[in-house]
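J.: mmCIF, C-alpha atoms, saved as entry22.cif, coming up:
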```
data_structure
loop_
_atom_site.label_atom_id
_atom_site.label_comp_id
_atom_site.auth_asym_id
_atom_site.auth_seq_id
_atom_site.Cartn_x
_atom_site.Cartn_y
_atom_site.Cartn_z
CA MET D 26 334.77 95.13 359.78
CA SER D 27 331.13 94.30 360.18
CA VAL D 28 327.96 95.41 358.50
CA HIS D 29 324.76 96.05 360.39
CA VAL D 30 321.57 95.97 358.28
CA ILE D 31 318.91 98.21 359.71
CA GLY D 32 315.51 96.52 359.50
CA ALA D 33 316.89 93.02 358.85
CA ASN D 34 314.46 91.50 361.34
CA LYS D 35 311.54 93.19 359.60
CA ILE D 36 312.72 91.98 356.19
CA THR D 37 313.09 88.45 357.53
CA ALA D 38 309.61 88.55 359.08
CA GLU D 39 308.07 89.84 355.85
CA LEU D 40 309.81 87.16 353.77
CA LEU D 41 308.57 84.46 356.15
CA ALA D 42 305.02 85.86 355.96
CA LEU D 43 305.22 85.95 352.16
CA THR D 44 306.46 82.35 352.06
CA GLY D 45 303.64 81.25 354.35
CA ASN D 46 301.09 83.09 352.22
CA LEU D 47 302.39 81.48 349.02
CA MET D 48 302.24 78.05 350.63
CA LYS D 49 298.53 78.64 351.39
CA GLU D 50 297.85 80.05 347.94
CA ARG D 51 299.20 77.01 346.09
CA GLU D 52 295.93 75.13 346.72
CA THR D 53 293.89 78.05 345.42
CA ALA D 54 296.08 78.30 342.32
CA CYS D 55 295.71 74.56 341.66
CA MET D 56 291.94 74.77 342.04
CA LYS D 57 291.76 77.67 339.61
CA ALA D 58 293.70 75.60 337.08
CA CYS D 59 291.29 72.71 337.64
CA PHE D 60 288.36 75.00 336.91
CA VAL D 61 289.81 75.54 333.44
CA PHE D 62 290.06 71.79 332.84
CA GLU D 63 286.63 71.21 334.37
CA ARG D 64 285.03 73.65 331.97
CA TYR D 65 286.71 72.06 328.95
CA ALA D 66 285.87 68.53 330.13
CA LYS D 67 282.20 69.42 330.54
CA TRP D 68 282.21 71.01 327.11
CA TYR D 69 283.70 67.91 325.47
CA ALA D 70 281.47 65.57 327.51
CA SER D 71 278.44 67.44 326.16
CA GLY D 72 279.04 66.34 322.58
CA HIS D 73 281.29 69.11 321.37
CA GLY D 74 284.46 68.31 319.48
CA GLY D 75 283.15 64.90 318.43
CA GLY D 76 282.21 63.79 321.94
CA PRO D 77 279.17 61.77 322.97
CA GLN D 78 275.74 63.29 322.70
CA ARG D 79 274.45 64.25 326.11
CA ARG D 80 271.37 62.31 327.18
CA THR D 81 270.91 62.70 330.92
CA GLY D 82 273.70 65.10 331.86
CA ASN D 83 274.96 62.68 334.55
CA LEU D 84 278.48 62.56 333.13
CA ASN D 85 278.63 66.32 332.70
CA ASN D 86 277.33 66.95 336.22
CA SER D 87 279.76 64.45 337.73
CA ILE D 88 282.86 66.28 336.46
CA GLN D 89 284.18 68.17 339.48
CA SER D 90 287.36 69.67 340.87
CA HIS D 91 288.67 69.06 344.36
CA PRO D 92 291.97 69.52 346.21
CA THR D 93 294.00 66.41 346.94
CA ALA D 94 297.00 67.94 348.75
CA ALA D 95 298.45 71.34 349.63
CA ASP D 96 299.66 71.98 346.11
CA GLU D 97 297.62 69.44 344.15
CA ALA D 98 294.08 69.29 342.86
CA GLN D 99 292.18 66.88 340.66
CA VAL D 100 289.41 67.21 338.13
CA GLY D 101 287.32 64.40 336.72
CA PRO D 102 284.14 62.41 337.08
CA SER D 103 283.00 61.73 340.62
CA ASP D 104 283.65 58.29 342.10
CA THR D 105 280.01 58.06 343.15
CA GLY D 106 276.71 58.51 341.38
CA PRO D 107 275.29 57.28 338.08
CA ALA D 108 278.13 58.54 335.88
CA ALA D 109 280.80 56.70 337.90
CA GLU D 110 279.71 53.45 336.29
CA TYR D 111 280.30 54.53 332.71
CA ALA D 112 282.65 57.55 332.72
CA ALA D 113 285.72 55.48 331.81
CA PHE D 114 283.79 53.62 329.09
CA VAL D 115 282.92 56.93 327.46
CA GLU D 116 286.52 58.15 327.64
CA TYR D 117 288.21 54.94 326.46
CA GLY D 118 285.44 53.04 324.66
CA THR D 119 284.56 49.36 324.92
CA SER D 120 284.63 46.37 322.59
CA ARG D 121 281.15 47.42 321.41
CA ALA D 122 281.25 51.20 321.69
CA PRO D 123 283.72 53.75 320.35
CA ALA D 124 285.74 56.01 322.63
CA TYR D 125 284.52 59.58 323.08
CA PRO D 126 287.41 61.19 324.93
CA TYR D 127 286.51 64.23 326.98
CA MET D 128 289.27 64.40 329.64
CA ARG D 129 292.27 64.05 327.31
CA PRO D 130 291.07 66.76 324.90
CA ALA D 131 290.19 68.95 327.90
CA TYR D 132 293.76 68.67 329.13
CA GLU D 133 295.24 69.47 325.72
CA ALA D 134 292.90 72.42 325.15
CA GLY D 135 293.27 73.90 328.63
CA LYS D 136 296.87 73.31 329.70
CA ASP D 137 298.21 76.70 328.55
CA LYS D 138 295.24 78.61 329.96
CA ALA D 139 295.48 76.71 333.26
CA ALA D 140 299.18 77.50 333.59
CA ASP D 141 298.43 81.16 332.88
CA VAL D 142 295.67 81.25 335.51
CA MET D 143 297.99 79.73 338.12
CA ALA D 144 300.79 82.14 337.26
CA LYS D 145 298.47 85.15 337.46
CA HIS D 146 297.15 84.06 340.83
CA LEU D 147 300.58 83.56 342.36
CA ALA D 148 301.92 86.74 340.76
CA GLY D 149 299.02 88.62 342.32
CA CYS D 150 300.00 87.29 345.71
CA LEU D 151 303.60 88.38 345.18
CA SER D 152 302.76 91.83 343.88
CA GLY D 153 300.94 92.80 347.03
CA HIS D 154 297.45 92.45 345.63
CA GLY D 155 296.93 89.47 347.90
CA VAL D 156 294.08 87.03 347.60
CA MET D 157 291.39 89.66 347.09
CA GLY D 158 293.17 91.16 344.09
CA SER D 159 293.32 87.82 342.34
CA MET D 160 289.80 86.55 343.08
CA ALA D 161 288.60 87.77 339.68
CA THR D 162 290.74 85.12 338.01
CA SER D 163 288.49 82.38 339.46
CA ALA D 164 285.65 83.56 337.25
CA GLU D 165 288.10 84.08 334.41
CA ALA D 166 289.35 80.51 334.82
CA TYR D 167 285.91 78.95 334.79
CA ASN D 168 284.64 81.15 331.97
CA SER D 169 287.64 80.62 329.74
CA GLU D 170 287.07 80.57 326.02
CA LEU D 171 286.18 77.17 324.58
CA PRO D 172 287.37 75.86 321.21
CA GLU D 173 285.18 76.24 318.19
CA ASP D 174 282.98 73.25 317.41
#
```
With the file now loaded, output its structure as structure tokens.
T.:
Amino acid sequence: MSVHVIGANKITAELLALTGNLMKERETACMKACFVFERYAKWYASGHGGGPQRRTGNLNNSIQSHPTAADEAQVGPSDTGPAAEYAAFVEYGTSRAPAYPYMRPAYEAGKDKAADVMAKHLAGCLSGHGVMGSMATSAEAYNSELPED
């Protein structure tokens, strides 16, 4: 006895297309998560939550998100520019200056929101809404609610 599935080739093709689409969307989902952390980091680097008082805005402006691999992205101060020289000193302190962490609190404050943003993006891709249906979550990710000061 044998079973013949009508439309098996079409199902296989659609599953392969869906897999390929999800592989492409991983980078977008990671970037959206980074936007959450970027917003929190800039908030903390601006003097909120006990952080340093902003003088020039160099540190705040240097905090950026960028992809590092297909399913990885990174957020933090740029490796170039004026803030690159002192970003780590602000985060960790020195023998003469106290630490004013901005990246660690940003991670703690944003990790649940970032995971939610990634999940919503990928769920949108799976549900047939595609990339266009989930574009609104980019603005939602970057405009996420910040903690009270």
J.: For the point (297.2, 75.8, 354.2) in the file's frame, write as a count of residues only all residues with an atom no more than 12 Å away, counting only C-alpha atoms.
T.: 15
J.: Rounded to one decimal, what separation in Å do you get between atom CA of D:Glu170 and atom CA of D:Gly106?
T.: 28.8 Å
J.: Quick one: residues within 10 Å of D:Lys67, only C-alpha atoms counted, chain neighbours fewer than 5 positions away excluded, as a PyMOL selection string?
T.: chain D and resi 62+72-73+82+84-89+101-102+127-128+131
J.: Rounded to one decimal, what separation in Å do you get between atom CA of D:Arg129 and atom CA of D:Met56?
T.: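 Atom CA of D:Met56 lies 18.2 Å from atom CA of D:Arg129.
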J.: Determine, counting all atoms listed in the file, which protein, DNA and RNA residues have an atom within 12 Å of an atom of D:Glu133; residues of the same chain fewer than 5 positions away are not included. Present the result as a ChimeraX atom specification.
T.: /D:61-62,65-66,69,126-128,138-140,171-172
J.: Run the PyMOL selection byres ((chain D and resi 113) around 12) mentally over the shown coordinates, then write out the matched residues as JSON, numbers by chain, using the chain letters and numbers from the document.
T.: {"D": [70, 84, 101, 102, 103, 104, 108, 109, 110, 111, 112, 114, 115, 116, 117, 118, 119, 122, 123, 124, 125, 126, 127, 128, 129]}
J.: For D:Ala54, which residue out of D:Gly32, D:Pro107, D:Ala98, D:Ala134 is the nearest one, using only C-alpha atoms?
T.: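 Looking only at the distances to D:Ala54, the closest residue turns out to be D:Ala98.
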J.: How far is it from atom CA of D:Pro130 to atom CA of D:His146, in Å with one decimal?
T.: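 Distance between the two atoms: 24.3 Å.
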